[in-house]
Amino acid sequence: MQDQLVEAPEPGMKTWIQQQPLGVIGIISPWNFPINLSFGPLASVFSAGNTAMLKPSELTPKTSALLAELVARYFAPEELTVVLGDAEVGKAFSALPFDHLVFTGSTAVGKHIMRAAAENLVPVTLELGGKSPAVVDEKADIVQAAERIMTVKTFNVGQICISPDYMIVPEHQVEHFVAAAKIFVQSSFPTMQGNPDYTSIISDNHFKRLIGLLDDAKKKGANVISLAAEGEPDYDVNSRKIAPFLVLDVTDDMNIMQEEIFGPLLPIKTYAKPEEAVAYINHNPRPLAAYYFGDNPERQQAFARNTISGGLVINDAMTHVSVETLPFGGVGPSGMGAYHGIHGFKRFTHEKAVVLQSKDGASGKRLRAPYQDKQAALEEMLDS
């Protein structure tokens with residue numbers, strides 16, 4: 001927060017960078033982690049000295065109402081205010097002339113947010129999503145990869161912006177991955193429908209959408225494998241619980257390979273040569289995260305160097321989001337801007353250039369007429 005002194009070009013002149021709050025920051029938080037993704041960016045906003053207005057999701061009405069109640073109890077309205085309402089309220093909120101606007105959500109809605117903010121030239125931080133790939137190296141520990149991928153894929157049942165959205169596995173390892181995934185999931189969740197550790201899908205519409213993705217994949221030739229607990233249905237409309245599914249033999253004309261899934265469905269593509277996996281990732285929009293499984297340092301570095309993503313985790317998934325010393329954010333269609341730790345402070349701070357001119361004002365005198373002698377001196381200097 002201290003002024004940062006920088007080298008001045010002239011004797012007697014002083015120059016520094018002053019850290020200033022941007023002002024009033026708008027935060028639009030999502031439903032999947034309604035506390036974390038409200039207070040996470042808010043911590044960075046406050047650390048930089050700003051005030052804020054928060055618009056939590058209407059899909060978590062009880063949590064949002066509690067946020068509004070507690071914020072009003074502990075904060076003055078000019079420090080922090082919570083705005084409740086549906087999508088129309090969110091639309092009006094995004095059109096306000098904030099000094100900065102933070103949105104966490106889908107790429108499709110992010111486009112609308114950015115369009116509304118542009119009317120007031122409001123800078124934005126967009127934490128979006130996309131299809132985050134997980135690549136398994138030819139010599140990777142396939143059991144370890146299955147356990148760590150399925151840990152994250154079943155956490156909040158994949159309703160996470162950085163959940164692995166599809167896998168690319170060596171052709172000869174597919175059966176091994178499927179077997180390892182089955183063992184791990186069924187040992188972790190011997191029951192699902194009555195298990196409080198296994199999460200429901202957020203809404204009826206999202207439930208129907210996920211089943212629709214499965215049906216579309218089946219009709220177009222995919223091999224769909226359910227990892228449901230023994231004796232339980234693959235999904236239940238009343239509990240809105242869907243068992244994990246592995247979707248094999250996927251093609252790009254399937255909706256499951258075109259849309260961000262946000263659920264416990266995991267498409268699996270295969271490759272014969274490692275460069276095929278990198279080429280496929282680079283052919284598609286840049287993801288919020290990429291995951292690579294394999295212990296060869298040269299191949300790890302090659303994957304990091306040859307792919308672009310908001311973040312990269314090697315031999316695990318989602319770990320980077322909990323490391324506060326790392327910036328968290330997307331790139332291209334998966335978002336713009338990053339926060340967490342010092343990166344959040346910088347995101348919501350204006351670095352103002354300050355100059356204290358010397359008493360003789362030497363640096364400004366070169367701007368005064370007449371200019372002939374100054375031009376001659378300049379030419380002489382260039383010729384020397």
# chains A, B, ... in the order shown; residues from 1 in each chain; ligands from 1
>>> select_by_dssp(residues="region 307-373 of chain A", states="alpha helix (DSSP H)", output="compact mmCIF listing (two decimals) with C-alpha atoms, in the first residue's frame")
# COMPACT_ATOMS: atom_id res chain seq x y z
CA GLY A 341 -3.88 -12.61 -2.40
CA ILE A 342 -1.71 -9.76 -3.64
CA HIS A 343 -3.13 -10.26 -7.12
CA GLY A 344 -6.57 -9.24 -5.82
CA PHE A 345 -5.12 -6.15 -4.18
CA LYS A 346 -3.53 -5.15 -7.49
CA ARG A 347 -6.70 -5.92 -9.46
CA ALA A 362 14.56 21.74 -16.02
CA SER A 363 12.61 18.94 -17.68
CA GLY A 364 9.87 21.32 -18.75
CA LYS A 365 12.10 24.00 -20.24
CA GLN A 372 15.80 26.18 -33.22
CA ASP A 373 18.59 25.93 -30.65
>>> residues_around(residues="Pro133 (chain A)", least_positions_apart="6", cutoff="12 Å", atoms="only C-alpha atoms", output="MDAnalysis selection string")
chainID A and resid 149 161:169 257 260:261 266:269 277:278 280:282 284:293 307:314 317:318
>>> residues_around(residues="Gly361 (chain A)", least_positions_apart="3", cutoff="12 Å", atoms="only C-alpha atoms", output="list in words")
Glu10, Pro11, Gly12, Met13, Lys14, Val355, Leu356, Gln357, Ser358, Gly364, Lys365, Arg366, Leu367 and Arg368 of chain A
>>> closest_atom_pairs(of="region 40-113 of chain A", to="region 199-204 of chain A", cutoff="12 Å", atoms="only C-alpha atoms", output="Markdown table")
| residue | atom | partner | partner_atom | distance |
| --- | --- | --- | --- | --- |
| A:Ser57 | CA | A:Ile202 | CA | 11.8 |
| A:Glu58 | CA | A:Ile202 | CA | 11.6 |
| A:Leu59 | CA | A:Ile202 | CA | 7.8 |
| A:Thr60 | CA | A:Ile202 | CA | 8.7 |
| A:Pro61 | CA | A:Ile202 | CA | 11.9 |
>>> closest_residue(among="A:Asp234, A:Asp215, A:Asp137, A:Glu78", to="Thr270 (chain A)", atoms="only C-alpha atoms")
A:Asp137
>>> select_by_dssp(residues="region 179-342 of chain A", states="strand (DSSP E or B)", output="NGL selection string")
:A and (223-226 or 235-236 or 241-242 or 245-248 or 265-271 or 289-293 or 311-314 or 328-329 or 335-336 or 338-339)
>>> write_last_selection(atoms="N, CA and C atoms", output="short mmCIF file (atom, residue, chain, number, x, y, z; two decimals), in the first residue's frame")
data_model
loop_
_atom_site.label_atom_id
_atom_site.label_comp_id
_atom_site.auth_asym_id
_atom_site.auth_seq_id
_atom_site.Cartn_x
_atom_site.Cartn_y
_atom_site.Cartn_z
N ASN A 223 -20.82 -44.37 -25.79
CA ASN A 223 -20.95 -45.48 -24.84
C ASN A 223 -21.01 -44.87 -23.45
N VAL A 224 -22.17 -44.91 -22.82
CA VAL A 224 -22.41 -44.24 -21.55
C VAL A 224 -22.35 -45.26 -20.42
N ILE A 225 -21.47 -44.99 -19.45
CA ILE A 225 -21.26 -45.92 -18.33
C ILE A 225 -21.64 -45.23 -17.03
N SER A 226 -22.61 -45.79 -16.33
CA SER A 226 -23.04 -45.25 -15.05
C SER A 226 -22.18 -45.79 -13.93
N TYR A 235 -30.24 -41.97 -11.80
CA TYR A 235 -30.63 -40.62 -11.38
C TYR A 235 -32.06 -40.64 -10.88
N ASP A 236 -32.41 -39.65 -10.09
CA ASP A 236 -33.74 -39.57 -9.50
C ASP A 236 -34.23 -38.13 -9.60
N LYS A 241 -30.58 -36.05 -7.84
CA LYS A 241 -29.23 -36.60 -7.75
C LYS A 241 -28.96 -37.45 -8.98
N ILE A 242 -27.82 -37.18 -9.62
CA ILE A 242 -27.38 -37.91 -10.80
C ILE A 242 -26.06 -38.59 -10.46
N PHE A 245 -21.28 -40.30 -14.49
CA PHE A 245 -21.30 -41.04 -15.75
C PHE A 245 -19.98 -40.82 -16.48
N LEU A 246 -19.42 -41.87 -17.02
CA LEU A 246 -18.31 -41.77 -17.96
C LEU A 246 -18.90 -41.93 -19.36
N VAL A 247 -18.53 -41.03 -20.25
CA VAL A 247 -19.11 -41.03 -21.60
C VAL A 247 -17.97 -41.27 -22.59
N LEU A 248 -17.96 -42.47 -23.17
CA LEU A 248 -16.89 -42.88 -24.08
C LEU A 248 -17.32 -42.71 -25.53
N LEU A 265 -20.97 -35.60 -15.24
CA LEU A 265 -20.77 -36.33 -16.49
C LEU A 265 -19.37 -36.06 -17.00
N LEU A 266 -18.65 -37.11 -17.37
CA LEU A 266 -17.26 -36.95 -17.78
C LEU A 266 -17.01 -37.62 -19.13
N PRO A 267 -16.98 -36.85 -20.21
CA PRO A 267 -16.62 -37.40 -21.52
C PRO A 267 -15.15 -37.79 -21.56
N ILE A 268 -14.84 -38.85 -22.27
CA ILE A 268 -13.46 -39.32 -22.39
C ILE A 268 -13.10 -39.47 -23.86
N LYS A 269 -12.13 -38.68 -24.30
CA LYS A 269 -11.57 -38.81 -25.63
C LYS A 269 -10.26 -39.60 -25.53
N THR A 270 -9.80 -40.11 -26.66
CA THR A 270 -8.56 -40.87 -26.67
C THR A 270 -7.57 -40.27 -27.66
N TYR A 271 -6.30 -40.63 -27.47
CA TYR A 271 -5.28 -40.22 -28.43
C TYR A 271 -4.30 -41.36 -28.67
N ALA A 289 -9.10 -23.82 -16.70
CA ALA A 289 -8.05 -24.64 -16.09
C ALA A 289 -7.71 -25.80 -17.01
N ALA A 290 -6.50 -26.30 -16.87
CA ALA A 290 -6.09 -27.52 -17.56
C ALA A 290 -5.37 -28.40 -16.55
N TYR A 291 -5.53 -29.71 -16.71
CA TYR A 291 -4.94 -30.66 -15.78
C TYR A 291 -4.13 -31.69 -16.56
N TYR A 292 -2.92 -31.95 -16.06
CA TYR A 292 -2.03 -32.89 -16.74
C TYR A 292 -1.54 -33.92 -15.74
N PHE A 293 -1.64 -35.19 -16.13
CA PHE A 293 -1.20 -36.28 -15.26
C PHE A 293 -0.05 -37.01 -15.93
N GLY A 311 -5.31 -21.51 -15.60
CA GLY A 311 -4.41 -22.13 -14.62
C GLY A 311 -4.08 -23.53 -15.05
N LEU A 312 -3.00 -24.08 -14.52
CA LEU A 312 -2.57 -25.44 -14.84
C LEU A 312 -2.20 -26.16 -13.55
N VAL A 313 -2.72 -27.36 -13.40
CA VAL A 313 -2.35 -28.21 -12.26
C VAL A 313 -1.80 -29.52 -12.82
N ILE A 314 -0.67 -29.94 -12.29
CA ILE A 314 -0.04 -31.17 -12.73
C ILE A 314 -0.21 -32.23 -11.65
N PHE A 328 -5.85 -16.23 -9.62
CA PHE A 328 -6.92 -17.10 -10.12
C PHE A 328 -7.74 -16.32 -11.13
N GLY A 329 -7.80 -16.83 -12.34
CA GLY A 329 -8.57 -16.16 -13.38
C GLY A 329 -8.49 -16.93 -14.67
N GLY A 335 -12.50 -16.03 -19.36
CA GLY A 335 -12.51 -14.89 -18.44
C GLY A 335 -11.37 -13.92 -18.67
N MET A 336 -11.35 -12.90 -17.84
CA MET A 336 -10.28 -11.90 -17.88
C MET A 336 -10.09 -11.32 -16.49
N ALA A 338 -7.66 -11.42 -12.80
CA ALA A 338 -7.41 -12.45 -11.79
C ALA A 338 -7.35 -11.80 -10.42
N TYR A 339 -7.66 -12.58 -9.39
CA TYR A 339 -7.53 -12.10 -8.02
C TYR A 339 -7.02 -13.23 -7.14
#
>>> atom_distance(atom1="CA of Val143 (chain A)", atom2="CA of Phe177 (chain A)")
6.8 Å
>>> closest_residue(among="A:Asp253, A:Pro56, A:Val109, A:Ala353", to="Asp86 (chain A)", atoms="only C-alpha atoms")
A:Pro56
